[in-house]
>>> print(open('run-v2.csv').read())   # CSV, C-alpha atoms and all ligand atoms
chain,number,residue,atom,x,y,z
R,22,MET,CA,-102.2,5.0,6.9
R,23,ARG,CA,-99.7,2.9,8.9
R,24,SER,CA,-100.5,-0.7,9.3
R,25,LEU,CA,-102.6,-1.7,12.2
R,26,LEU,CA,-99.7,-3.7,13.7
R,27,SER,CA,-97.3,-0.8,13.6
R,28,ILE,CA,-99.8,1.4,15.4
R,29,LEU,CA,-100.2,-1.4,17.9
R,30,ASN,CA,-96.5,-1.5,18.5
R,31,LEU,CA,-96.2,2.2,18.8
R,32,MET,CA,-99.4,2.8,20.8
R,33,PRO,CA,-99.9,0.0,23.3
R,34,ASP,CA,-102.3,2.1,25.3
R,35,ILE,CA,-104.7,2.2,22.4
R,36,LEU,CA,-104.9,-1.6,22.7
R,37,ILE,CA,-105.7,-1.3,26.3
R,38,ALA,CA,-108.4,1.2,25.5
R,39,CYS,CA,-110.0,-1.6,23.6
R,40,LEU,CA,-109.9,-3.9,26.6
R,41,PHE,CA,-111.8,-1.6,29.0
R,42,PRO,CA,-115.1,-2.1,27.2
R,43,CYS,CA,-114.7,-5.8,27.8
R,44,TYR,CA,-115.3,-5.3,31.4
R,45,ALA,CA,-119.0,-4.7,31.2
R,46,PHE,CA,-119.8,-7.8,29.1
R,47,SER,CA,-117.2,-10.1,30.6
R,48,GLY,CA,-117.3,-9.0,34.2
R,49,PHE,CA,-118.7,-12.3,35.3
R,50,SER,CA,-116.1,-14.5,33.8
R,51,PRO,CA,-113.6,-14.4,36.6
R,52,PHE,CA,-116.2,-16.0,38.8
R,53,GLY,CA,-116.3,-19.1,36.6
R,54,SER,CA,-119.4,-21.3,36.6
R,55,HIS,CA,-119.5,-21.9,40.3
R,56,ILE,CA,-121.6,-19.0,41.3
R,57,TRP,CA,-124.3,-20.1,38.8
R,58,TRP,CA,-124.2,-23.7,39.8
R,59,PRO,CA,-126.7,-23.6,42.6
R,60,ILE,CA,-129.4,-22.1,40.3
R,61,PHE,CA,-129.0,-24.5,37.4
R,62,HIS,CA,-128.1,-27.7,39.2
R,63,PRO,CA,-130.9,-30.3,39.3
R,64,ASN,CA,-130.4,-30.6,43.1
R,65,PHE,CA,-130.8,-26.9,43.5
R,66,HIS,CA,-132.1,-26.2,47.0
R,67,CYS,CA,-135.1,-23.9,47.3
R,68,GLY,CA,-133.6,-22.6,50.5
R,69,LEU,CA,-131.4,-20.5,48.3
R,70,PHE,CA,-134.4,-18.4,47.4
R,71,THR,CA,-135.1,-17.9,51.1
R,72,ILE,CA,-131.6,-16.5,51.6
R,73,GLY,CA,-132.0,-14.4,48.4
R,74,TYR,CA,-129.2,-16.0,46.4
R,75,PRO,CA,-130.8,-15.2,43.0
R,76,LYS,CA,-131.1,-11.6,44.1
R,77,LYS,CA,-127.4,-11.6,44.8
R,78,LEU,CA,-126.7,-12.7,41.2
R,79,ASP,CA,-129.1,-9.9,40.0
R,80,ARG,CA,-127.2,-7.4,42.1
R,81,LEU,CA,-123.9,-8.5,40.7
R,82,THR,CA,-125.3,-7.9,37.2
R,83,GLU,CA,-126.3,-4.4,38.2
R,84,ILE,CA,-123.0,-3.5,39.7
R,85,ILE,CA,-121.1,-4.7,36.7
R,86,GLU,CA,-123.3,-2.5,34.6
R,87,LEU,CA,-122.6,0.4,36.9
R,88,ASN,CA,-118.9,-0.2,36.9
R,89,GLY,CA,-119.2,-0.4,33.1
R,90,LYS,CA,-120.1,3.3,33.1
R,91,VAL,CA,-116.8,4.1,34.6
R,92,THR,CA,-114.9,1.8,32.2
R,93,ASP,CA,-116.7,3.4,29.3
R,94,GLY,CA,-115.7,6.8,30.5
R,95,ILE,CA,-112.1,5.7,30.6
R,96,VAL,CA,-112.3,4.6,27.0
R,97,THR,CA,-113.9,7.9,26.0
R,98,ALA,CA,-111.0,9.8,27.8
R,99,MET,CA,-108.4,7.5,26.2
R,100,LYS,CA,-109.9,8.0,22.7
R,101,ARG,CA,-110.0,11.7,23.1
R,102,SER,CA,-106.5,11.8,24.4
R,103,TYR,CA,-105.1,9.7,21.6
R,104,THR,CA,-106.8,11.6,18.9
R,105,LEU,CA,-105.6,14.8,20.3
R,106,ASP,CA,-102.1,13.8,21.4
R,107,SER,CA,-101.0,11.2,18.9
R,108,SER,CA,-100.7,10.5,15.2
R,109,ALA,CA,-103.1,7.6,15.5
R,110,SER,CA,-106.1,8.5,13.3
R,111,TRP,CA,-109.7,8.0,14.2
R,112,ASP,CA,-110.1,5.4,11.5
R,113,ALA,CA,-107.2,3.4,13.1
R,114,TRP,CA,-108.9,3.6,16.4
R,115,LEU,CA,-112.2,2.3,15.0
R,116,ALA,CA,-110.4,-0.5,13.2
R,117,LEU,CA,-108.7,-1.5,16.4
R,118,SER,CA,-111.7,-1.4,18.6
R,119,SER,CA,-113.8,-3.6,16.4
R,120,THR,CA,-111.0,-6.0,15.3
R,121,TYR,CA,-109.1,-6.6,18.5
R,122,LYS,CA,-111.7,-6.2,21.2
R,123,GLU,CA,-113.0,-9.8,21.7
R,124,PRO,CA,-110.0,-12.0,21.2
R,125,LEU,CA,-108.0,-10.2,23.8
R,126,ILE,CA,-110.4,-10.6,26.7
R,127,ASP,CA,-108.9,-12.9,29.3
R,128,SER,CA,-109.1,-13.1,33.1
R,129,ARG,CA,-105.7,-11.4,33.3
R,130,CYS,CA,-106.8,-8.2,31.6
R,131,LEU,CA,-110.1,-8.3,33.6
R,132,SER,CA,-108.1,-8.6,36.8
R,133,ARG,CA,-106.0,-5.5,35.8
R,134,ILE,CA,-109.3,-3.6,35.2
R,135,ARG,CA,-110.7,-4.7,38.6
R,136,GLU,CA,-107.4,-3.6,40.2
R,137,VAL,CA,-107.9,-0.1,38.6
R,138,LEU,CA,-111.4,0.1,40.1
R,139,LYS,CA,-109.9,-0.6,43.6
R,140,HIS,CA,-107.3,2.1,43.0
R,141,PHE,CA,-109.9,4.7,42.4
R,142,VAL,CA,-111.0,4.1,46.0
R,143,ARG,CA,-107.5,3.9,47.5
R,144,ASP,CA,-106.1,6.9,45.6
R,145,TRP,CA,-109.0,9.2,44.9
R,146,SER,CA,-111.8,8.8,47.4
R,147,ASP,CA,-112.4,9.8,51.0
R,148,ALA,CA,-112.8,6.1,51.8
R,149,GLY,CA,-109.2,5.6,50.8
R,150,LEU,CA,-107.8,8.3,53.1
R,151,SER,CA,-106.9,6.1,56.0
R,152,GLU,CA,-104.9,3.7,53.8
R,153,ARG,CA,-103.2,6.6,52.0
R,154,THR,CA,-102.3,8.4,55.3
R,155,VAL,CA,-100.3,5.4,56.6
R,156,ILE,CA,-98.1,5.2,53.5
R,157,PHE,CA,-98.1,8.8,52.2
R,158,GLU,CA,-97.4,10.6,55.4
R,159,PRO,CA,-93.9,9.2,56.0
R,160,ILE,CA,-92.9,10.3,52.5
R,161,LEU,CA,-94.7,13.7,52.7
R,162,SER,CA,-93.1,14.4,56.1
R,163,VAL,CA,-89.6,14.2,54.6
R,164,LEU,CA,-90.6,16.4,51.7
R,165,SER,CA,-92.2,18.9,54.1
R,166,MET,CA,-88.9,19.5,55.9
R,167,LEU,CA,-87.7,21.8,53.0
R,168,SER,CA,-89.0,25.4,53.3
R,169,SER,CA,-92.1,26.0,51.1
R,170,SER,CA,-90.3,28.8,49.2
R,171,SER,CA,-87.5,26.4,48.0
R,172,ARG,CA,-89.8,23.7,46.7
R,173,ALA,CA,-90.7,25.1,43.3
R,174,HIS,CA,-87.0,24.9,42.3
R,175,LYS,CA,-86.9,21.2,43.2
R,176,ARG,CA,-87.7,18.4,40.9
R,177,VAL,CA,-89.3,15.2,42.1
R,178,LEU,CA,-89.7,12.0,40.1
R,179,VAL,CA,-92.3,9.3,41.0
R,180,PRO,CA,-91.6,6.2,39.0
R,181,GLY,CA,-94.4,3.5,38.9
R,182,SER,CA,-96.9,6.2,39.9
R,183,GLY,CA,-100.0,4.1,39.4
R,184,LEU,CA,-103.1,6.3,39.6
R,185,CYS,CA,-100.8,9.2,40.6
R,186,ARG,CA,-102.3,10.3,43.9
R,187,LEU,CA,-99.0,10.4,45.7
R,188,ALA,CA,-97.4,12.3,42.8
R,189,TYR,CA,-100.4,14.7,42.9
R,190,ASP,CA,-100.0,15.3,46.7
R,191,ILE,CA,-96.3,15.9,46.3
R,192,SER,CA,-97.1,18.5,43.6
R,193,THR,CA,-99.5,20.2,46.0
R,194,LEU,CA,-96.7,20.7,48.5
R,195,GLY,CA,-95.2,22.9,45.8
R,196,TYR,CA,-92.6,20.6,44.1
R,197,ASP,CA,-92.2,20.3,40.4
R,198,THR,CA,-93.3,16.7,40.1
R,199,THR,CA,-93.0,14.1,37.3
R,200,ALA,CA,-95.1,10.9,37.6
R,201,CYS,CA,-94.0,8.0,35.4
R,202,GLU,CA,-96.2,5.0,34.7
R,203,LEU,CA,-95.9,2.1,32.3
R,204,SER,CA,-99.3,0.5,32.6
R,205,GLY,CA,-101.9,1.6,30.0
R,206,TYR,CA,-104.6,0.5,32.5
R,207,MET,CA,-103.4,3.0,35.1
R,208,ASN,CA,-102.7,5.7,32.6
R,209,GLY,CA,-106.1,5.3,31.0
R,210,ALA,CA,-107.8,5.5,34.4
R,211,PHE,CA,-105.8,8.6,35.3
R,212,ARG,CA,-106.7,10.3,32.0
R,213,PHE,CA,-110.4,9.7,32.9
R,214,LEU,CA,-109.8,11.9,36.0
R,215,LEU,CA,-107.7,14.5,34.2
R,216,ASP,CA,-110.1,14.9,31.2
R,217,PRO,CA,-112.2,18.1,31.8
R,218,GLU,CA,-115.0,16.5,29.8
R,219,THR,CA,-115.2,13.2,31.7
R,220,THR,CA,-114.5,14.5,35.2
R,221,THR,CA,-115.8,17.9,36.1
R,222,THR,CA,-116.8,17.8,39.8
R,223,THR,CA,-115.7,16.0,43.0
R,224,SER,CA,-117.7,12.8,43.8
R,225,GLN,CA,-119.0,12.7,40.2
R,226,HIS,CA,-118.3,9.0,39.7
R,227,GLU,CA,-119.2,5.8,41.6
R,228,VAL,CA,-117.4,2.5,41.6
R,229,HIS,CA,-118.3,-0.9,43.1
R,230,PRO,CA,-115.0,-2.6,43.3
R,231,TYR,CA,-115.5,-5.3,45.9
R,232,GLY,CA,-118.3,-7.3,44.3
R,233,HIS,CA,-115.9,-9.4,42.3
R,234,TRP,CA,-114.6,-11.5,45.2
R,235,TRP,CA,-117.2,-13.1,47.4
R,236,SER,CA,-114.8,-14.6,50.0
R,237,HIS,CA,-114.6,-12.9,53.4
R,238,SER,CA,-117.7,-10.9,52.9
R,239,ARG,CA,-120.0,-10.1,55.9
R,240,ASN,CA,-123.1,-9.2,53.9
R,241,ILE,CA,-124.3,-8.2,50.5
R,242,VAL,CA,-124.7,-4.5,51.3
R,243,ASP,CA,-120.9,-4.3,52.1
R,244,LEU,CA,-119.9,-6.6,49.2
R,245,PHE,CA,-121.7,-4.5,46.6
R,246,ARG,CA,-121.3,-1.1,48.1
R,247,GLY,CA,-120.5,1.9,45.9
R,248,VAL,CA,-117.7,4.4,46.6
R,249,ARG,CA,-117.9,7.9,45.2
R,250,PHE,CA,-114.8,9.6,43.7
R,251,PRO,CA,-112.8,11.7,43.1
R,252,ASP,CA,-112.3,13.6,46.4
R,253,VAL,CA,-110.3,16.2,44.4
R,254,ILE,CA,-109.9,16.8,40.7
R,255,PRO,CA,-106.3,16.5,39.4
R,256,ARG,CA,-105.0,18.5,36.5
R,257,LEU,CA,-101.6,18.5,34.8
R,258,ALA,CA,-99.4,21.5,34.6
R,259,MET,CA,-98.3,22.9,31.3
R,260,ASP,CA,-94.8,21.8,30.1
R,261,ALA,CA,-92.9,24.8,31.4
R,262,GLU,CA,-94.9,25.3,34.6
R,263,VAL,CA,-94.2,23.9,38.1
R,264,GLY,CA,-96.8,21.3,39.0
R,265,LEU,CA,-97.7,17.7,38.1
R,266,HIS,CA,-96.4,16.2,34.8
R,267,LEU,CA,-97.1,12.7,33.5
R,268,LYS,CA,-94.7,10.6,31.5
R,269,GLU,CA,-96.2,7.4,30.1
R,270,GLY,CA,-93.8,4.6,29.5
R,271,ASP,CA,-91.0,2.6,31.0
R,272,PHE,CA,-89.0,4.4,33.6
R,273,LEU,CA,-85.9,2.5,32.6
R,274,THR,CA,-85.9,3.6,29.0
R,275,LEU,CA,-88.2,6.7,28.8
R,276,GLU,CA,-86.7,10.1,28.1
R,277,LEU,CA,-87.0,11.6,31.6
R,278,GLY,CA,-84.3,14.2,31.4
R,279,THR,CA,-80.5,14.2,31.4
R,280,PRO,CA,-78.6,12.4,34.2
R,281,ASN,CA,-78.4,14.3,37.4
R,282,SER,CA,-81.9,15.9,36.8
R,283,TYR,CA,-83.8,15.3,39.9
R,284,ASP,CA,-83.5,16.4,43.5
R,285,TYR,CA,-85.8,13.6,44.8
R,286,VAL,CA,-86.9,10.2,43.5
R,287,VAL,CA,-89.9,8.7,45.4
R,288,THR,CA,-90.8,5.1,45.0
R,289,LEU,CA,-93.9,3.6,46.6
R,290,PHE,CA,-94.7,-0.1,46.2
R,291,PHE,CA,-92.5,0.0,43.2
R,292,ILE,CA,-89.0,-1.5,43.4
R,293,ASP,CA,-90.3,-5.0,43.8
R,294,THR,CA,-92.0,-4.8,40.4
R,295,SER,CA,-88.5,-4.6,38.8
R,296,VAL,CA,-87.5,-7.4,36.4
R,297,ASN,CA,-83.9,-6.5,37.4
R,298,ILE,CA,-83.7,-4.6,40.6
R,299,LEU,CA,-80.0,-3.6,39.9
R,300,SER,CA,-81.2,-1.7,36.7
R,301,THR,CA,-83.8,0.1,38.8
R,302,LEU,CA,-81.2,1.1,41.4
R,303,GLU,CA,-78.8,2.3,38.8
R,304,ARG,CA,-81.5,4.3,36.9
R,305,ILE,CA,-82.6,6.0,40.1
R,306,HIS,CA,-79.0,6.8,40.9
R,307,THR,CA,-78.3,8.2,37.4
R,308,LEU,CA,-81.4,10.4,37.4
R,309,LEU,CA,-80.7,11.9,40.8
R,310,LYS,CA,-78.4,14.9,41.2
R,311,PRO,CA,-75.3,14.3,43.3
R,312,GLY,CA,-76.5,14.6,46.9
R,313,GLY,CA,-80.1,13.9,45.7
R,314,ILE,CA,-82.5,12.0,47.9
R,315,TRP,CA,-84.3,8.7,47.2
R,316,ILE,CA,-87.3,8.0,49.4
R,317,ASN,CA,-88.7,4.5,49.3
R,318,LEU,CA,-91.7,2.7,50.9
R,319,GLY,CA,-92.8,-0.7,50.1
R,320,PRO,CA,-92.5,-4.5,50.6
R,321,LEU,CA,-90.3,-6.9,48.6
R,322,LEU,CA,-93.0,-8.8,46.9
R,323,TRP,CA,-91.0,-9.8,43.9
R,324,CYS,CA,-93.4,-9.7,41.0
R,325,SER,CA,-93.9,-13.2,39.5
R,326,ASP,CA,-95.9,-11.5,36.8
R,327,ALA,CA,-92.9,-9.5,35.6
R,328,GLN,CA,-90.7,-12.5,36.0
R,329,ALA,CA,-88.2,-10.9,38.3
R,330,ARG,CA,-84.7,-12.1,37.4
R,331,LEU,CA,-83.4,-11.2,40.9
R,332,GLU,CA,-85.3,-11.7,44.1
R,333,LEU,CA,-83.1,-10.1,46.8
R,334,SER,CA,-83.5,-10.0,50.5
R,335,LEU,CA,-83.7,-6.6,52.2
R,336,GLU,CA,-80.1,-7.0,53.4
R,337,GLU,CA,-79.0,-7.8,49.8
R,338,VAL,CA,-81.0,-4.7,48.5
R,339,PHE,CA,-79.0,-2.5,51.0
R,340,GLU,CA,-75.8,-4.0,49.9
R,341,ALA,CA,-76.7,-3.5,46.2
R,342,MET,CA,-77.6,0.1,47.1
R,343,GLY,CA,-74.2,0.7,48.6
R,344,ALA,CA,-72.5,-0.8,45.5
R,345,VAL,CA,-74.5,1.5,43.2
R,346,GLY,CA,-73.6,4.6,45.3
R,347,PHE,CA,-76.3,5.2,47.9
R,348,VAL,CA,-76.0,5.7,51.7
R,349,ILE,CA,-79.0,5.2,53.8
R,350,VAL,CA,-79.6,8.4,55.9
R,351,GLY,CA,-79.4,7.6,59.5
R,352,GLY,CA,-77.8,4.1,58.8
R,353,THR,CA,-79.4,0.8,57.9
R,354,ASP,CA,-80.4,0.1,61.5
R,355,GLY,CA,-82.3,3.5,61.7
R,356,ASN,CA,-80.8,4.3,65.1
R,357,ASP,CA,-78.8,7.5,64.3
R,358,ASP,CA,-79.9,10.1,66.8
R,359,ASP,CA,-78.4,12.9,64.7
R,360,GLU,CA,-81.2,12.5,62.1
R,361,PRO,CA,-84.8,13.7,62.6
R,362,ASP,CA,-87.2,10.7,63.3
R,363,CYS,CA,-89.0,11.2,59.9
R,364,MET,CA,-85.7,10.4,58.1
R,365,LYS,CA,-85.0,7.2,59.8
R,366,ARG,CA,-85.3,3.8,58.2
R,367,ARG,CA,-88.1,1.8,59.7
R,368,SER,CA,-90.8,-0.9,59.0
R,369,ILE,CA,-94.4,0.4,58.5
R,370,SER,CA,-97.4,-1.9,58.7
R,371,CYS,CA,-99.7,-1.1,55.9
R,372,GLU,CA,-102.3,-2.4,53.4
R,373,TYR,CA,-102.7,-2.1,49.7
R,374,THR,CA,-106.2,-1.4,48.1
R,375,HIS,CA,-107.8,-3.3,51.0
R,376,ASP,CA,-111.5,-3.7,51.6
R,377,GLU,CA,-112.1,-2.3,55.0
R,378,GLN,CA,-115.4,-4.2,55.4
R,379,ALA,CA,-113.9,-7.6,54.6
R,380,MET,CA,-113.3,-10.4,57.2
R,381,MET,CA,-109.7,-10.5,56.2
R,382,ARG,CA,-106.6,-8.2,56.3
R,383,TRP,CA,-103.4,-8.6,54.3
R,384,ILE,CA,-100.8,-6.6,56.2
R,385,TYR,CA,-97.4,-5.7,54.7
R,386,GLU,CA,-94.4,-4.9,56.9
R,387,ALA,CA,-93.2,-2.4,54.3
R,388,GLU,CA,-89.7,-0.9,54.6
R,389,PHE,CA,-89.2,2.9,54.6
R,390,TRP,CA,-85.9,4.5,53.9
R,391,VAL,CA,-84.3,7.7,52.8
R,392,ALA,CA,-81.1,7.3,50.9
R,393,LYS,CA,-78.6,9.9,49.5
R,394,LYS,CA,-76.7,9.7,46.2
R,395,VAL,CA,-73.0,9.9,46.9
R,401,LIG,C1,-97.6,-2.0,42.8
R,401,LIG,S1,-97.9,-0.7,41.7
R,401,LIG,C2,-97.8,0.7,42.8
R,401,LIG,C3,-98.4,2.0,42.1
R,401,LIG,C4,-98.2,3.2,43.0
R,401,LIG,N1,-96.9,3.5,43.3
R,401,LIG,C5,-99.1,3.1,44.2
R,401,LIG,O1,-98.5,2.9,45.3
R,401,LIG,O2,-100.3,3.1,44.1
R,401,LIG,C6,-96.5,-0.6,40.8
R,401,LIG,C7,-96.6,0.2,39.6
R,401,LIG,O3,-95.4,0.4,38.9
R,401,LIG,C8,-95.6,0.3,37.5
R,401,LIG,N2,-94.3,0.0,36.9
R,401,LIG,C9,-93.7,-1.2,37.0
R,401,LIG,N3,-92.6,-1.2,36.3
R,401,LIG,C10,-92.5,0.1,35.7
R,401,LIG,C11,-91.5,0.7,34.8
R,401,LIG,N4,-90.4,0.1,34.4
R,401,LIG,N5,-91.8,2.0,34.5
R,401,LIG,C12,-92.9,2.6,34.9
R,401,LIG,N6,-93.8,2.1,35.7
R,401,LIG,C13,-93.6,0.8,36.1
R,401,LIG,C14,-96.7,-0.7,37.3
R,401,LIG,O4,-97.4,-0.5,36.1
R,401,LIG,C15,-97.6,-0.4,38.5
R,401,LIG,O5,-98.6,0.6,38.2
>>> encode(input="run-v2.csv", output="structure tokens")
Amino acid sequence: MRSLLSILNLMPDILIACLFPCYAFSGFSPFGSHIWWPIFHPNFHCGLFTIGYPKKLDRLTEIIELNGKVTDGIVTAMKRSYTLDSSASWDAWLALSSTYKEPLIDSRCLSRIREVLKHFVRDWSDAGLSERTVIFEPILSVLSMLSSSSRAHKRVLVPGSGLCRLAYDISTLGYDTTACELSGYMNGAFRFLLDPETTTTTSQHEVHPYGHWWSHSRNIVDLFRGVRFPDVIPRLAMDAEVGLHLKEGDFLTLELGTPNSYDYVVTLFFIDTSVNILSTLERIHTLLKPGGIWINLGPLLWCSDAQARLELSLEEVFEAMGAVGFVIVGGTDGNDDDEPDCMKRRSISCEYTHDEQAMMRWIYEAEFWVAKKV
């Protein structure tokens, strides 16, 4: 058997599968001690009983346990997927899950798991429809301009596909669609939806993703509310079939086909996660066919997590695109009357995994553009 470490290097998603179980027993830790302080402090005010504060803590315990059912399901789907799809043996899995589980828990991995829970709502529930419509519709409108009969012959790549709803919706338009995602957290959660044993019917699962942050909440019912998902059940196509395909790994280095392979590349809230935006632009350009189309929607929130080496302004991104070999359809000012409105560059006010019941909104003025490879 290969050493544990070499398996870890080869199969980082296995490691992440070990982290999901941490959610249920560490779900409280991001709160720190402050939420417990009123109960244990000697000056505890009995008025807190009147407002039901201890019950609020009880409810938090309950929703963490309920969310734990989903995170356990993710682990089940990941285990099955690895034992079926990879050379990692069951023994190696067991060794990993018992050896590496606890030391790896930290607030960063928990926040990634909580992010995944919110993505189930944004991507795969009826409650996420309004947020999805604002950001998906501009992209799907461009792709809908091509006649339905031509679409099956067109290949679309969606790098940084997250929980893959956009890629799935593009595939339902009839395009041969490849989603590519680096994060084992996202891929594990998507596997949970894809697995015919963990997800069999719509609205089968429930998640309570907002109870982890008590700021801006109007009441406990909203804070701890559950959201059912999925609204549809995604499945992958077989290798040679037209449909949705998933490639797990780094878009910059993964085998995604030869140069000039794709008719479209679609990026949503993606390019600003680049460590080096120039490498991202070049990779998109290389993978597109000559005359191929890149559709982008997103802000420029350069990712401090990924330690972006370049943090360009929008104007600088456009200049870099020109240097790499793109032209923006309809011009950078978006005023070319020869182009249909849906192709024009514009700003779109939008949100990202927001809580619609919260007393706060975070609005992005995201940029939308359609660019052609020259
Ligand atoms: C802000 S999220 C957006 C996800 C998705 N596009 C959406 O809108 O829901 C960016 C995603 O890109 C992924 N990502 C970042 N760099 C990547 C890379 N080099 N290859 C593949 N995925 C990457 C991240 O893991 C993350 O899931």
>>> closest_residue(input="run-v2.csv", among="R:Leu150, R:Cys324, R:Leu299, R:Val263", to="Glu337 in chain R", atoms="all atoms listed in the file")
R:Leu299
>>> residues_around(input="run-v2.csv", residues="range 139-146 of chain R", least_positions_apart="6", cutoff="6 Å", atoms="all atoms listed in the file", output="PDB file with C-alpha atoms, keeping the file's coordinate frame")
ATOM      1  CA  ARG R 186    -102.300  10.300  43.900  1.00  0.00           C
ATOM      2  CA  PRO R 230    -115.000  -2.600  43.300  1.00  0.00           C
ATOM      3  CA  PHE R 250    -114.800   9.600  43.700  1.00  0.00           C
ATOM      4  CA  PRO R 251    -112.800  11.700  43.100  1.00  0.00           C
ATOM      5  CA  ASP R 252    -112.300  13.600  46.400  1.00  0.00           C
ATOM      6  CA  THR R 374    -106.200  -1.400  48.100  1.00  0.00           C
TER       7      THR R 374
END
>>> residues_near_point(input="run-v2.csv", point="(-96.4, 9.6, 55.6)", cutoff="12 Å", atoms="only C-alpha atoms", output="tab-separated table (two decimals) with C-alpha atoms, keeping the file's coordinate frame")
chain	number	residue	atom	x	y	z
R	150	LEU	CA	-107.80	8.30	53.10
R	151	SER	CA	-106.90	6.10	56.00
R	152	GLU	CA	-104.90	3.70	53.80
R	153	ARG	CA	-103.20	6.60	52.00
R	154	THR	CA	-102.30	8.40	55.30
R	155	VAL	CA	-100.30	5.40	56.60
R	156	ILE	CA	-98.10	5.20	53.50
R	157	PHE	CA	-98.10	8.80	52.20
R	158	GLU	CA	-97.40	10.60	55.40
R	159	PRO	CA	-93.90	9.20	56.00
R	160	ILE	CA	-92.90	10.30	52.50
R	161	LEU	CA	-94.70	13.70	52.70
R	162	SER	CA	-93.10	14.40	56.10
R	163	VAL	CA	-89.60	14.20	54.60
R	164	LEU	CA	-90.60	16.40	51.70
R	165	SER	CA	-92.20	18.90	54.10
R	187	LEU	CA	-99.00	10.40	45.70
R	190	ASP	CA	-100.00	15.30	46.70
R	191	ILE	CA	-96.30	15.90	46.30
R	289	LEU	CA	-93.90	3.60	46.60
R	316	ILE	CA	-87.30	8.00	49.40
R	317	ASN	CA	-88.70	4.50	49.30
R	318	LEU	CA	-91.70	2.70	50.90
R	363	CYS	CA	-89.00	11.20	59.90
R	364	MET	CA	-85.70	10.40	58.10
R	369	ILE	CA	-94.40	0.40	58.50
R	370	SER	CA	-97.40	-1.90	58.70
R	371	CYS	CA	-99.70	-1.10	55.90
R	389	PHE	CA	-89.20	2.90	54.60
R	390	TRP	CA	-85.90	4.50	53.90
>>> closest_residue(input="run-v2.csv", among="R:Met207, R:Leu244, R:Cys130, R:Val395", to="ligand LIG 401 (chain R)", atoms="only C-alpha atoms and all ligand atoms")
R:Met207
>>> residues_near_ligand(input="run-v2.csv", ligand="ligand LIG 401 (chain R)", cutoff="6 Å", atoms="only C-alpha atoms and all ligand atoms", output="ChimeraX atom specification")
/R:180-183,201-204,270-273,289-291,294-295
>>> closest_residue(input="run-v2.csv", among="R:Gly319, R:Tyr206, R:Arg176, R:Leu69", to="Phe41 in chain R", atoms="all atoms listed in the file")
R:Tyr206
>>> residues_around(input="run-v2.csv", residues="Lys310 in chain R", least_positions_apart="3", cutoff="7 Å", atoms="only C-alpha atoms", output="PyMOL selection string")
chain R and resi 281-284+313
>>> closest_residue(input="run-v2.csv", among="R:Asp197, R:Pro217, R:Leu184, R:Pro75", to="Met259 in chain R", atoms="all atoms listed in the file")
R:Asp197
>>> closest_residue(input="run-v2.csv", among="R:Glu377, R:Glu86, R:Glu136, R:Glu332", to="Glu227 in chain R", atoms="all atoms listed in the file")
R:Glu86
>>> residues_near_point(input="run-v2.csv", point="(-81.2, -5.2, 43.3)", cutoff="6 Å", atoms="all atoms listed in the file", output="list in words")
Ile298, Leu299, Val338 and Ala341 of chain R
>>> closest_residue(input="run-v2.csv", among="R:Leu81, R:Val391, R:Leu335, R:Ile292", to="Pro361 in chain R", atoms="all atoms listed in the file")
R:Val391
>>> atom_distance(input="run-v2.csv", atom1="CA of Phe347 in chain R", atom2="CA of Ser170 in chain R")
27.5 Å
>>> atom_distance(input="run-v2.csv", atom1="CA of Arg256 in chain R", atom2="CA of Thr97 in chain R")
17.4 Å
>>> atom_distance(input="run-v2.csv", atom1="CA of Gly89 in chain R", atom2="CA of Leu267 in chain R")
25.7 Å
